Number of protein chains: 2
Amino acid sequence: MAHSLKILFFLFSTLSIIPLSHQLEQHPLDSLTPNEFIRVQAIVNQSHPTSTTNLTFQYIGLNEPDKQAVLSWLQNHPTTTPPPRQAFVVARINHQTHELIIDFSRDDIVSDRIHHGFGYPSLTFQELIDANQLVLNHAPFLAALNKRGLKLEEVVCGSFTVGWFGETKQNGRVVKIMCYYLDGTVNLYMRPVEAITFTVDLEAMKIIHFQDRLVVPVPKAAGTDYRESKQKPHFGPELKGITVVQPDGPSFTIDGSKVRWANWDFHLSFDARVGPVVSLASIYDTEKQEFRRVMYRGFVSELFVPYMDLTEEWYYRTFFDAGEYGYGLCAVPLEPLRDCPANAVYMGAYVAAQNGMPIEMPNVFCIFERNAGDVMWRHTETMIPPDLITEVRPDMSLVVRMVSTVGNYDYINDWEFKQIGSIKVTVGLTGLLEVRGSKYTHKDQIDEEVYGTLLAENTLGAYHDHFITYHLDLDVDGKVIGRL
Amino acid sequence: MAHSLKILFFLFSTLSIIPLSHQLEQHPLDSLTPNEFIRVQAIVNQSHPTSTTNLTFQYIGLNEPDKQAVLSWLQNHPTTTPPPRQAFVVARINHQTHELIIDFSRDDIVSDRIHHGFGYPSLTFQELIDANQLVLNHAPFLAALNKRGLKLEEVVCGSFTVGWFGETKQNGRVVKIMCYYLDGTVNLYMRPVEAITFTVDLEAMKIIHFQDRLVVPVPKAAGTDYRESKQKPHFGPELKGITVVQPDGPSFTIDGSKVRWANWDFHLSFDARVGPVVSLASIYDTEKQEFRRVMYRGFVSELFVPYMDLTEEWYYRTFFDAGEYGYGLCAVPLEPLRDCPANAVYMGAYVAAQNGMPIEMPNVFCIFERNAGDVMWRHTETMIPPDLITEVRPDMSLVVRMVSTVGNYDYINDWEFKQIGSIKVTVGLTGLLEVRGSKYTHKDQIDEEVYGTLLAENTLGAYHDHFITYHLDLDVDGKVIGRL
């Protein structure tokens, strides 16, 4: 949820190892390339000049080609041309939401539809940064901080989407802003400045409502910092080094977006909204001597995180982490040797900035072979003397990982390909809990519904759920087609 | 289920690396030592001389000391003496089941109770070997094989416990014997010689019933051999080497039966019936600077495998793999680098033969640190410029593994200790399916209930379940006591 100056770091980063989609021959399902982002920007700007138009790019991604067209192209590859390559764009143009389709072969907009129903496009980092910045100059807020004895320079604010509660007319493109306090910790989430809320109109980029409802103690900083260097006493016994070694290198190959490992082939791309997209996963059948299709396309379609707290500053928290904040947009650079093992290979990706320019996201994926010490299949036969027959096949797999940090929560998103033919999708949820500031310091004081559990003095862990949904277009044993 | 000449290989094996319970100071929960097995044999033989007595040892193990006595000893260790060390013995003595307790400090039998109710002691390997051997000389069986054109030298037979179906009087200590056919495969389970059953009285060691109910084709051998060397075509692409390296050695220590790793301490022992026993697991609290108890004792208490097939040769199959065959007794030597990774350490154990003598079981456990490439906890903080704060704690764990092969099924039994304070218990089920021979060669021919699924010509996968139950005496945050 709460956001974020991350974009700035990405802009200046040069760490990328293997950018996606840089191979010579483009695959129809490849992510947009930097040049394609730039082309989209140019084409849209040409038809809607920024000198006279209020224009922001809320989303730019591949306009997914028709499945049958892709399959047919694959079957006849390389004798046929690929399906037309297009971008799908969601832009705010003079305060209206446009859904545009840009066709690269025609170098033109082929569809421009204005969205009139409920709902707004996903947020850009820039507008979140601007909104968060806005509140720091708001006089009533400065007074509210003063009243609490809080220092402005220790305040960090984040923007929250507001949900929809059955209203019959549009509420405008607004976010609510809540602030946190550092002053002795980097764990801002544990120090909410509770009961102060702003509403910001993103179109006007103005504060349209401010409320200082009541004074709640800010939970104390002590014991909240999670950095290893700050732990006293230090964590338990230091473990000796343990690492994975592949003296002959990895067993997988990456050719642009095409990944091949063991009996698996698949295509990997990246999208600002959904993050990793796995396409055309197929498995080689050694007996039939052909590839058998398993999945046409799979990705996280949404992460819905509703809170069950009815208080004024919490009731609206019903976040769509993919659709509102961007599961891909919130991907963070993976930390070598810690987020992924020593044998991992890293890949970068690109997203569009609010002005349409490509932004490089380094180390957004890691790919590694997992040798967890498990057994795929085994049998010891004791019934046929004089020998024991022992056949053991260790379990190896290939993992594609992305971590998306949507504010306080870090989602570890894995696609794991197993030699037995299964794809295991997992999401690890970690990071920091979202907590509500409270007057209570002991659970025995609580005689009302507080929608949570008192975790520490003045700190309520708020009841909430995380629902993750997947788009899985499975083609198990579908017609065997040309190789990816 | 089906059994087994395994005992012979164990007798001649010399591969054990670290035998359990060889430390100088014995822990009250240590498995019986070879010398203690020999002492038990001597004491029981003295009171029931084998010259005049029909005596078999069906089970010898530690008579578990009283929990409070163990905890109190730990608390005052080393100033108090440990609780009395005793063995628990189940023996058949002149065709009666005795439950004996032998006290080592008194060098005597302190309890000798005859069991009169339903139920029989677990089976010994020797009696299964004898019973399986018996049928190969049975003339009606030789005729039945002849009728089917089967060669005796390719026949392998196994003993099956018979369950209990509400009978009001004892049926005697009997097993049923079913046979399988090799002739071109080592996968005997795929080639049942269906509808021929023996009933063997184990006390008399005599065939008391033989039935050749009908002739069912033996499924063909082709395509059933699971050995890697027999695969044509070979398995999918060969993977390049991948191994786990710990240049400074493992982070755990093993002191007799006491294992220490990271923030965990626990005691590991072995029992013929239940296999691995984890005791006194506790975790070090760096803030309190003391150990906190998590589990007093944990082990697999039973594996119940009932089949849902009402045919004459199958209805009785309701196996108790621990109580009837011995989950520990059926443990197989682990295959280094395949059953466990390169950084594993192996431990042996002992069980009693039917005559009471200790038998060494080499490589019955492996212990290794798992670095699967997972993340225990992470967070990337993007809200506090100018730096990204990224804290990632990789997930490490310690695994204790035993594999028990009860006939066709291999159970991979893991106790995994995690730094977050949890113990993860898993059982992987692998090996070969138990199938019933059938006249059917195509599913369209089936117009009756066959209690299974036709998997190949003449091969029905029989409906069945595997229920595994654990004895878990948890002491989460129990009173902190002396260190293990």
# chains A, B, ... in the order shown; residues from 1 in each chain; ligands from 1

$ residues_around --residues "Pro28 (chain B)" --least-positions-apart "3" --cutoff "12 Å" --atoms "only C-alpha atoms" --output "count of residues only"
33

$ calpha_fit_rmsd --fixed "chain B" --moving "chain A"
0.1 Å

$ closest_atom_pairs --of "chain A" --to "chain B" --cutoff "7 Å" --atoms "only C-alpha atoms" --output "tab-separated table"
residue	atom	partner	partner_atom	distance
A:His3	CA	B:Met383	CA	6.5
A:Ser4	CA	B:Met383	CA	5.0
A:Leu5	CA	B:Thr382	CA	6.0
A:Lys6	CA	B:Thr382	CA	5.3
A:Arg227	CA	B:Glu391	CA	6.4
A:Pro233	CA	B:Thr286	CA	6.3
A:Phe235	CA	B:Thr286	CA	6.7
A:Gly236	CA	B:Asn263	CA	5.7
A:Pro237	CA	B:Ala262	CA	5.3
A:Leu239	CA	B:Ser251	CA	5.6
A:Lys240	CA	B:Ser251	CA	5.4
A:Gly241	CA	B:Gln246	CA	5.6
A:Ile242	CA	B:Gln246	CA	4.6
A:Thr243	CA	B:Val245	CA	5.3
A:Val244	CA	B:Val244	CA	4.6
A:Val245	CA	B:Thr243	CA	5.3
A:Gln246	CA	B:Ile242	CA	4.6
A:Pro247	CA	B:Gly241	CA	6.9
A:Asp248	CA	B:Lys240	CA	6.4
A:Pro250	CA	B:Lys240	CA	6.7
A:Ser251	CA	B:Lys240	CA	5.4
A:Ala262	CA	B:Pro237	CA	5.3
A:Asn263	CA	B:Gly236	CA	5.7
A:Thr286	CA	B:Gly236	CA	6.0
A:Glu287	CA	B:Pro233	CA	6.3
A:Arg338	CA	B:Pro394	CA	5.5
A:Asp339	CA	B:Val375	CA	6.3
A:Cys340	CA	B:Gly373	CA	5.7
A:Pro341	CA	B:Gly373	CA	5.1
A:Arg370	CA	B:Ala372	CA	6.3
A:Asn371	CA	B:Ala372	CA	6.4
A:Ala372	CA	B:Ala372	CA	4.3
A:Gly373	CA	B:Pro341	CA	5.1
A:Val375	CA	B:Asp339	CA	6.3
A:Trp377	CA	B:Thr430	CA	5.8
A:Arg378	CA	B:Gly431	CA	5.6
A:His379	CA	B:Gly431	CA	4.7
A:Thr380	CA	B:Thr405	CA	6.6
A:Thr382	CA	B:Lys6	CA	5.3
A:Met383	CA	B:Ser4	CA	5.0
A:Glu391	CA	B:Arg227	CA	6.4
A:Val392	CA	B:Arg338	CA	5.8
A:Arg393	CA	B:Arg338	CA	6.5
A:Pro394	CA	B:Arg338	CA	5.5
A:Thr405	CA	B:Thr380	CA	6.6
A:Asp410	CA	B:His379	CA	6.0
A:Thr430	CA	B:Trp377	CA	5.8
A:Gly431	CA	B:His379	CA	4.7

$ write_last_selection --atoms "N, CA and C atoms" --output "compact mmCIF listing (two decimals), in the first residue's frame"
# COMPACT_ATOMS: atom_id res chain seq x y z
N HIS A 3 3.22 4.35 -0.31
CA HIS A 3 4.20 4.53 -1.38
C HIS A 3 5.08 5.74 -1.30
N SER A 4 5.99 6.04 -2.14
CA SER A 4 7.23 5.39 -2.43
C SER A 4 8.05 6.21 -3.39
N LEU A 5 9.31 6.32 -3.08
CA LEU A 5 10.23 7.08 -3.92
C LEU A 5 11.13 6.17 -4.72
N LYS A 6 10.75 4.91 -4.72
CA LYS A 6 11.55 3.86 -5.34
C LYS A 6 12.00 4.22 -6.75
N ARG A 227 16.64 -4.00 11.33
CA ARG A 227 17.95 -4.19 10.70
C ARG A 227 18.85 -5.04 11.59
N PRO A 233 20.10 -8.35 22.06
CA PRO A 233 21.24 -9.13 21.61
C PRO A 233 21.10 -9.50 20.14
N PHE A 235 21.00 -11.83 16.76
CA PHE A 235 20.26 -13.07 16.49
C PHE A 235 21.04 -14.27 17.02
N GLY A 236 20.36 -15.39 17.10
CA GLY A 236 20.94 -16.64 17.60
C GLY A 236 22.27 -16.99 16.94
N PRO A 237 22.82 -18.14 17.27
CA PRO A 237 24.17 -18.52 16.81
C PRO A 237 24.35 -18.30 15.31
N LEU A 239 25.47 -19.12 11.73
CA LEU A 239 25.65 -20.41 11.05
C LEU A 239 26.85 -20.34 10.13
N LYS A 240 27.51 -21.47 9.96
CA LYS A 240 28.63 -21.53 9.02
C LYS A 240 28.11 -21.44 7.59
N GLY A 241 28.99 -21.04 6.70
CA GLY A 241 28.60 -20.84 5.31
C GLY A 241 28.02 -22.09 4.65
N ILE A 242 27.03 -21.88 3.82
CA ILE A 242 26.44 -22.97 3.04
C ILE A 242 26.05 -22.38 1.70
N THR A 243 26.50 -23.01 0.65
CA THR A 243 26.22 -22.44 -0.67
C THR A 243 25.98 -23.53 -1.69
N VAL A 244 25.31 -23.14 -2.76
CA VAL A 244 25.03 -24.07 -3.84
C VAL A 244 26.08 -23.85 -4.92
N VAL A 245 26.65 -24.91 -5.43
CA VAL A 245 27.71 -24.82 -6.42
C VAL A 245 27.32 -25.62 -7.66
N GLN A 246 27.52 -25.00 -8.82
CA GLN A 246 27.31 -25.68 -10.10
C GLN A 246 28.59 -25.49 -10.92
N PRO A 247 29.55 -26.40 -10.73
CA PRO A 247 30.87 -26.18 -11.37
C PRO A 247 30.78 -26.05 -12.88
N ASP A 248 29.82 -26.70 -13.50
CA ASP A 248 29.70 -26.62 -14.96
C ASP A 248 28.64 -25.61 -15.40
N PRO A 250 24.86 -23.40 -14.95
CA PRO A 250 23.47 -23.83 -14.80
C PRO A 250 23.04 -24.76 -15.93
N SER A 251 21.99 -25.50 -15.70
CA SER A 251 21.45 -26.40 -16.72
C SER A 251 20.36 -25.72 -17.54
N ALA A 262 15.82 -28.64 -18.21
CA ALA A 262 15.42 -30.05 -18.08
C ALA A 262 14.43 -30.35 -19.19
N ASN A 263 13.26 -30.83 -18.83
CA ASN A 263 12.26 -31.15 -19.86
C ASN A 263 11.28 -30.00 -20.10
N THR A 286 9.76 -37.77 -23.40
CA THR A 286 10.86 -38.54 -24.00
C THR A 286 10.35 -39.74 -24.79
N GLU A 287 9.18 -40.26 -24.41
CA GLU A 287 8.66 -41.41 -25.16
C GLU A 287 8.06 -40.99 -26.48
N ARG A 338 20.92 -13.51 -0.98
CA ARG A 338 19.98 -13.51 0.14
C ARG A 338 18.55 -13.74 -0.36
N ASP A 339 18.13 -12.96 -1.33
CA ASP A 339 16.81 -13.22 -1.91
C ASP A 339 16.82 -14.47 -2.77
N CYS A 340 17.98 -14.78 -3.33
CA CYS A 340 18.12 -15.93 -4.23
C CYS A 340 19.49 -16.54 -3.97
N PRO A 341 19.64 -17.84 -4.21
CA PRO A 341 20.90 -18.49 -3.88
C PRO A 341 22.04 -18.12 -4.84
N ARG A 370 16.81 -25.29 -8.07
CA ARG A 370 16.68 -25.57 -6.65
C ARG A 370 17.04 -27.04 -6.39
N ASN A 371 17.95 -27.21 -5.47
CA ASN A 371 18.33 -28.55 -5.02
C ASN A 371 18.16 -28.52 -3.50
N ALA A 372 16.95 -28.75 -3.07
CA ALA A 372 16.62 -28.55 -1.65
C ALA A 372 16.92 -29.78 -0.82
N GLY A 373 17.44 -30.83 -1.46
CA GLY A 373 17.73 -32.05 -0.71
C GLY A 373 16.53 -32.97 -0.62
N VAL A 375 13.57 -35.64 -2.33
CA VAL A 375 13.58 -36.80 -3.21
C VAL A 375 12.36 -36.73 -4.12
N TRP A 377 11.53 -39.24 -6.46
CA TRP A 377 10.99 -40.60 -6.42
C TRP A 377 12.09 -41.52 -5.92
N ARG A 378 11.72 -42.54 -5.18
CA ARG A 378 12.70 -43.52 -4.75
C ARG A 378 12.01 -44.85 -4.49
N HIS A 379 12.82 -45.89 -4.51
CA HIS A 379 12.37 -47.19 -4.02
C HIS A 379 13.58 -48.04 -3.68
N THR A 380 13.47 -48.74 -2.56
CA THR A 380 14.45 -49.76 -2.22
C THR A 380 13.74 -51.10 -2.28
N THR A 382 13.74 -54.93 -1.46
CA THR A 382 14.40 -55.85 -0.53
C THR A 382 14.02 -57.30 -0.81
N MET A 383 13.14 -57.50 -1.77
CA MET A 383 12.54 -58.83 -1.96
C MET A 383 13.29 -59.70 -2.96
N GLU A 391 16.90 -47.28 -6.03
CA GLU A 391 16.85 -46.26 -7.08
C GLU A 391 16.32 -44.98 -6.45
N VAL A 392 17.09 -43.93 -6.54
CA VAL A 392 16.65 -42.67 -5.96
C VAL A 392 16.85 -41.55 -6.98
N ARG A 393 15.80 -40.81 -7.23
CA ARG A 393 15.91 -39.66 -8.12
C ARG A 393 15.72 -38.40 -7.29
N PRO A 394 16.82 -37.65 -7.09
CA PRO A 394 16.69 -36.40 -6.31
C PRO A 394 15.76 -35.42 -7.01
N THR A 405 7.16 -5.47 -3.30
CA THR A 405 6.95 -4.86 -1.99
C THR A 405 5.91 -3.77 -2.12
N ASP A 410 5.87 -7.59 1.74
CA ASP A 410 6.71 -8.11 0.66
C ASP A 410 6.14 -9.46 0.22
N THR A 430 5.64 -11.67 3.48
CA THR A 430 6.53 -11.28 4.56
C THR A 430 6.56 -9.76 4.64
N GLY A 431 7.54 -9.20 5.31
CA GLY A 431 7.58 -7.75 5.50
C GLY A 431 7.10 -7.37 6.89

$ residues_around --residues "region 195-200 of chain B" --least-positions-apart "4" --cutoff "8 Å" --atoms "only C-alpha atoms" --output "number ranges by chain"
B: 131, 135, 174-179, 205-216, 312-313

$ write_last_selection --atoms "C-alpha atoms" --output "short mmCIF file (atom, residue, chain, number, x, y, z; two decimals), in the first residue's frame"
data_model
loop_
_atom_site.label_atom_id
_atom_site.label_comp_id
_atom_site.auth_asym_id
_atom_site.auth_seq_id
_atom_site.Cartn_x
_atom_site.Cartn_y
_atom_site.Cartn_z
CA ALA B 131 6.63 -68.00 5.80
CA VAL B 135 4.95 -71.59 0.09
CA VAL B 174 -1.67 -65.83 10.74
CA VAL B 175 -0.58 -63.98 7.61
CA LYS B 176 -1.79 -64.30 4.05
CA ILE B 177 0.77 -64.76 1.34
CA MET B 178 0.48 -63.40 -2.17
CA CYS B 179 3.02 -63.86 -4.91
CA MET B 205 4.87 -72.14 10.63
CA LYS B 206 2.51 -74.14 8.44
CA ILE B 207 0.24 -73.43 5.50
CA ILE B 208 -3.27 -73.83 6.86
CA HIS B 209 -5.18 -72.76 3.76
CA PHE B 210 -4.50 -72.49 0.06
CA GLN B 211 -6.84 -71.13 -2.59
CA ASP B 212 -6.43 -70.90 -6.35
CA ARG B 213 -9.63 -69.00 -7.02
CA LEU B 214 -9.34 -68.04 -10.66
CA VAL B 215 -6.81 -67.41 -13.39
CA VAL B 216 -6.08 -63.75 -14.06
CA GLU B 312 -11.49 -62.21 -1.77
CA GLU B 313 -7.76 -61.56 -1.94
#

$ closest_atom_pairs --of "region 323-422 of chain A" --to "region 104-125 of chain A" --cutoff "8 Å" --atoms "only C-alpha atoms" --output "Markdown table"
| residue | atom | partner | partner_atom | distance |
| --- | --- | --- | --- | --- |
| A:Gly323 | CA | A:Ser122 | CA | 5.8 |
| A:Glu324 | CA | A:Ser122 | CA | 4.3 |
| A:Tyr325 | CA | A:Leu123 | CA | 5.8 |
| A:Gly326 | CA | A:Ser122 | CA | 6.9 |
| A:Ala353 | CA | A:Thr124 | CA | 7.4 |
| A:Gln354 | CA | A:Thr124 | CA | 6.0 |

$ select_by_dssp --residues "region 91-194 of chain A" --states "strand (DSSP E or B)" --output "ChimeraX atom specification"
/A:91-93,96-103,108-115,155-160,174-181,192-194

$ residues_around --residues "Val162 (chain B)" --least-positions-apart "2" --cutoff "10 Å" --atoms "only C-alpha atoms" --output "list in words"
Ser159, Phe160, Trp164, Phe165, Asn171, Arg173, Val174, Val175, Lys176, Ile177, Thr199, Trp314, Tyr315, Tyr316, Arg317, Thr318 and Phe319 of chain B

$ closest_residue --among "A:Tyr346, A:Phe291, A:Tyr440, A:Tyr470" --to "Pro362 (chain A)" --atoms "only C-alpha atoms"
A:Tyr346

$ residues_around --residues "His464 (chain B)" --least-positions-apart "5" --cutoff "8 Å" --atoms "only C-alpha atoms" --output "PyMOL selection string"
chain B and resi 305-308

$ write_last_selection --atoms "all heavy atoms" --output "CSV table (one decimal), in the first residue's frame"
chain,number,residue,atom,x,y,z
B,305,VAL,N,-3.0,-48.2,6.5
B,305,VAL,CA,-3.2,-48.2,5.0
B,305,VAL,C,-4.3,-49.2,4.7
B,305,VAL,O,-4.0,-50.4,4.3
B,305,VAL,CB,-1.8,-48.6,4.3
B,305,VAL,CG1,-2.0,-48.4,2.8
B,305,VAL,CG2,-0.7,-47.7,4.8
B,306,PRO,N,-5.5,-48.8,4.7
B,306,PRO,CA,-6.6,-49.6,4.3
B,306,PRO,C,-6.9,-49.6,2.8
B,306,PRO,O,-6.9,-48.5,2.2
B,306,PRO,CB,-7.8,-49.1,5.1
B,306,PRO,CG,-7.5,-47.6,5.3
B,306,PRO,CD,-6.0,-47.5,5.2
B,307,TYR,N,-7.2,-50.7,2.3
B,307,TYR,CA,-7.6,-50.8,0.9
B,307,TYR,C,-9.2,-50.9,0.8
B,307,TYR,O,-9.8,-51.5,1.7
B,307,TYR,CB,-7.0,-52.0,0.2
B,307,TYR,CG,-5.5,-51.7,-0.1
B,307,TYR,CD1,-4.6,-51.6,0.9
B,307,TYR,CD2,-5.1,-51.3,-1.4
B,307,TYR,CE1,-3.2,-51.3,0.7
B,307,TYR,CE2,-3.7,-51.0,-1.6
B,307,TYR,CZ,-2.8,-51.0,-0.6
B,307,TYR,OH,-1.6,-50.6,-0.8
B,308,MET,N,-9.7,-50.4,-0.3
B,308,MET,CA,-11.2,-50.4,-0.4
B,308,MET,C,-11.6,-51.4,-1.5
B,308,MET,O,-12.5,-51.1,-2.3
B,308,MET,CB,-11.7,-49.0,-0.8
B,308,MET,CG,-11.5,-48.0,0.3
B,308,MET,SD,-9.8,-47.5,0.6
B,308,MET,CE,-10.0,-46.2,1.8

$ closest_residue --among "A:Leu134, A:Leu310, A:Val294, A:Val364" --to "Leu329 (chain A)" --atoms "only C-alpha atoms"
A:Val364

$ residues_around --residues "Glu457 (chain B)" --least-positions-apart "5" --cutoff "10 Å" --atoms "only C-alpha atoms" --output "number ranges by chain"
B: 217-220, 437-443

$ write_last_selection --atoms "N, CA, C and O atoms" --output "compact mmCIF listing (two decimals), in the first residue's frame"
# COMPACT_ATOMS: atom_id res chain seq x y z
N PRO B 217 -4.72 -62.91 -15.92
CA PRO B 217 -3.43 -62.72 -16.58
C PRO B 217 -2.47 -61.92 -15.70
O PRO B 217 -2.89 -60.98 -15.04
N VAL B 218 -1.22 -62.35 -15.70
CA VAL B 218 -0.18 -61.56 -15.02
C VAL B 218 0.16 -60.38 -15.94
O VAL B 218 0.48 -60.59 -17.11
N PRO B 219 0.07 -59.14 -15.44
CA PRO B 219 0.39 -57.99 -16.30
C PRO B 219 1.80 -58.16 -16.88
O PRO B 219 2.68 -58.73 -16.24
N LYS B 220 1.98 -57.60 -18.06
CA LYS B 220 3.26 -57.83 -18.73
C LYS B 220 4.40 -57.02 -18.09
O LYS B 220 4.17 -55.99 -17.45
N GLY B 437 -4.07 -57.56 -10.25
CA GLY B 437 -4.16 -58.15 -11.58
C GLY B 437 -5.62 -58.23 -12.01
O GLY B 437 -6.50 -58.45 -11.18
N SER B 438 -5.87 -58.03 -13.29
CA SER B 438 -7.26 -57.97 -13.77
C SER B 438 -7.33 -58.53 -15.18
O SER B 438 -6.37 -58.47 -15.94
N LYS B 439 -8.50 -59.04 -15.51
CA LYS B 439 -8.67 -59.54 -16.88
C LYS B 439 -8.79 -58.40 -17.89
O LYS B 439 -8.62 -58.58 -19.09
N TYR B 440 -9.09 -57.19 -17.42
CA TYR B 440 -9.38 -56.08 -18.33
C TYR B 440 -8.12 -55.52 -18.99
O TYR B 440 -7.08 -55.39 -18.35
N THR B 441 -8.26 -55.18 -20.25
CA THR B 441 -7.14 -54.56 -20.96
C THR B 441 -7.51 -53.14 -21.43
O THR B 441 -6.65 -52.40 -21.90
N HIS B 442 -8.78 -52.79 -21.32
CA HIS B 442 -9.22 -51.44 -21.71
C HIS B 442 -10.39 -51.05 -20.82
O HIS B 442 -11.23 -51.89 -20.50
N LYS B 443 -10.44 -49.78 -20.46
CA LYS B 443 -11.46 -49.37 -19.48
C LYS B 443 -12.88 -49.55 -20.02
O LYS B 443 -13.82 -49.72 -19.24

$ atom_distance --atom1 "CA of Ile93 (chain B)" --atom2 "CA of Gln170 (chain B)"
17.5 Å

$ decode --residues "region 190-195 of chain B" --atoms "all heavy atoms" --output "mmCIF file, in the first residue's frame"
data_model
loop_
_atom_site.group_PDB
_atom_site.id
_atom_site.type_symbol
_atom_site.label_atom_id
_atom_site.label_comp_id
_atom_site.auth_asym_id
_atom_site.auth_seq_id
_atom_site.Cartn_x
_atom_site.Cartn_y
_atom_site.Cartn_z
ATOM 1 N N MET B 190 4.158 -54.727 -9.962
ATOM 2 C CA MET B 190 3.326 -54.549 -11.151
ATOM 3 C C MET B 190 2.912 -55.890 -11.755
ATOM 4 O O MET B 190 2.182 -55.916 -12.728
ATOM 5 C CB MET B 190 4.065 -53.707 -12.217
ATOM 6 C CG MET B 190 4.240 -52.252 -11.838
ATOM 7 S SD MET B 190 2.689 -51.414 -11.420
ATOM 8 C CE MET B 190 3.034 -51.000 -9.693
ATOM 9 N N ARG B 191 3.408 -57.008 -11.188
ATOM 10 C CA ARG B 191 3.104 -58.306 -11.769
ATOM 11 C C ARG B 191 2.523 -59.274 -10.724
ATOM 12 O O ARG B 191 3.090 -60.334 -10.457
ATOM 13 C CB ARG B 191 4.363 -58.912 -12.409
ATOM 14 C CG ARG B 191 5.035 -57.979 -13.436
ATOM 15 C CD ARG B 191 5.931 -58.753 -14.372
ATOM 16 N NE ARG B 191 5.135 -59.472 -15.359
ATOM 17 C CZ ARG B 191 5.601 -60.439 -16.152
ATOM 18 N NH1 ARG B 191 6.872 -60.822 -16.039
ATOM 19 N NH2 ARG B 191 4.809 -61.044 -17.021
ATOM 20 N N PRO B 192 1.384 -58.908 -10.129
ATOM 21 C CA PRO B 192 0.794 -59.824 -9.152
ATOM 22 C C PRO B 192 0.316 -61.116 -9.812
ATOM 23 O O PRO B 192 -0.221 -61.093 -10.917
ATOM 24 C CB PRO B 192 -0.390 -59.021 -8.592
ATOM 25 C CG PRO B 192 -0.714 -58.019 -9.649
ATOM 26 C CD PRO B 192 0.587 -57.686 -10.330
ATOM 27 N N VAL B 193 0.582 -62.232 -9.130
ATOM 28 C CA VAL B 193 -0.032 -63.504 -9.541
ATOM 29 C C VAL B 193 -1.353 -63.553 -8.769
ATOM 30 O O VAL B 193 -1.424 -64.058 -7.660
ATOM 31 C CB VAL B 193 0.887 -64.694 -9.207
ATOM 32 C CG1 VAL B 193 0.244 -66.006 -9.680
ATOM 33 C CG2 VAL B 193 2.257 -64.511 -9.858
ATOM 34 N N GLU B 194 -2.367 -62.949 -9.368
ATOM 35 C CA GLU B 194 -3.604 -62.612 -8.669
ATOM 36 C C GLU B 194 -4.442 -63.857 -8.371
ATOM 37 O O GLU B 194 -4.368 -64.852 -9.094
ATOM 38 C CB GLU B 194 -4.416 -61.627 -9.543
ATOM 39 C CG GLU B 194 -5.478 -60.850 -8.819
ATOM 40 C CD GLU B 194 -4.938 -59.952 -7.719
ATOM 41 O OE1 GLU B 194 -3.995 -59.197 -7.985
ATOM 42 O OE2 GLU B 194 -5.437 -60.035 -6.579
ATOM 43 N N ALA B 195 -5.203 -63.798 -7.293
ATOM 44 C CA ALA B 195 -6.241 -64.781 -6.945
ATOM 45 C C ALA B 195 -5.698 -66.106 -6.427
ATOM 46 O O ALA B 195 -6.427 -67.084 -6.314
ATOM 47 C CB ALA B 195 -7.196 -65.014 -8.130
#
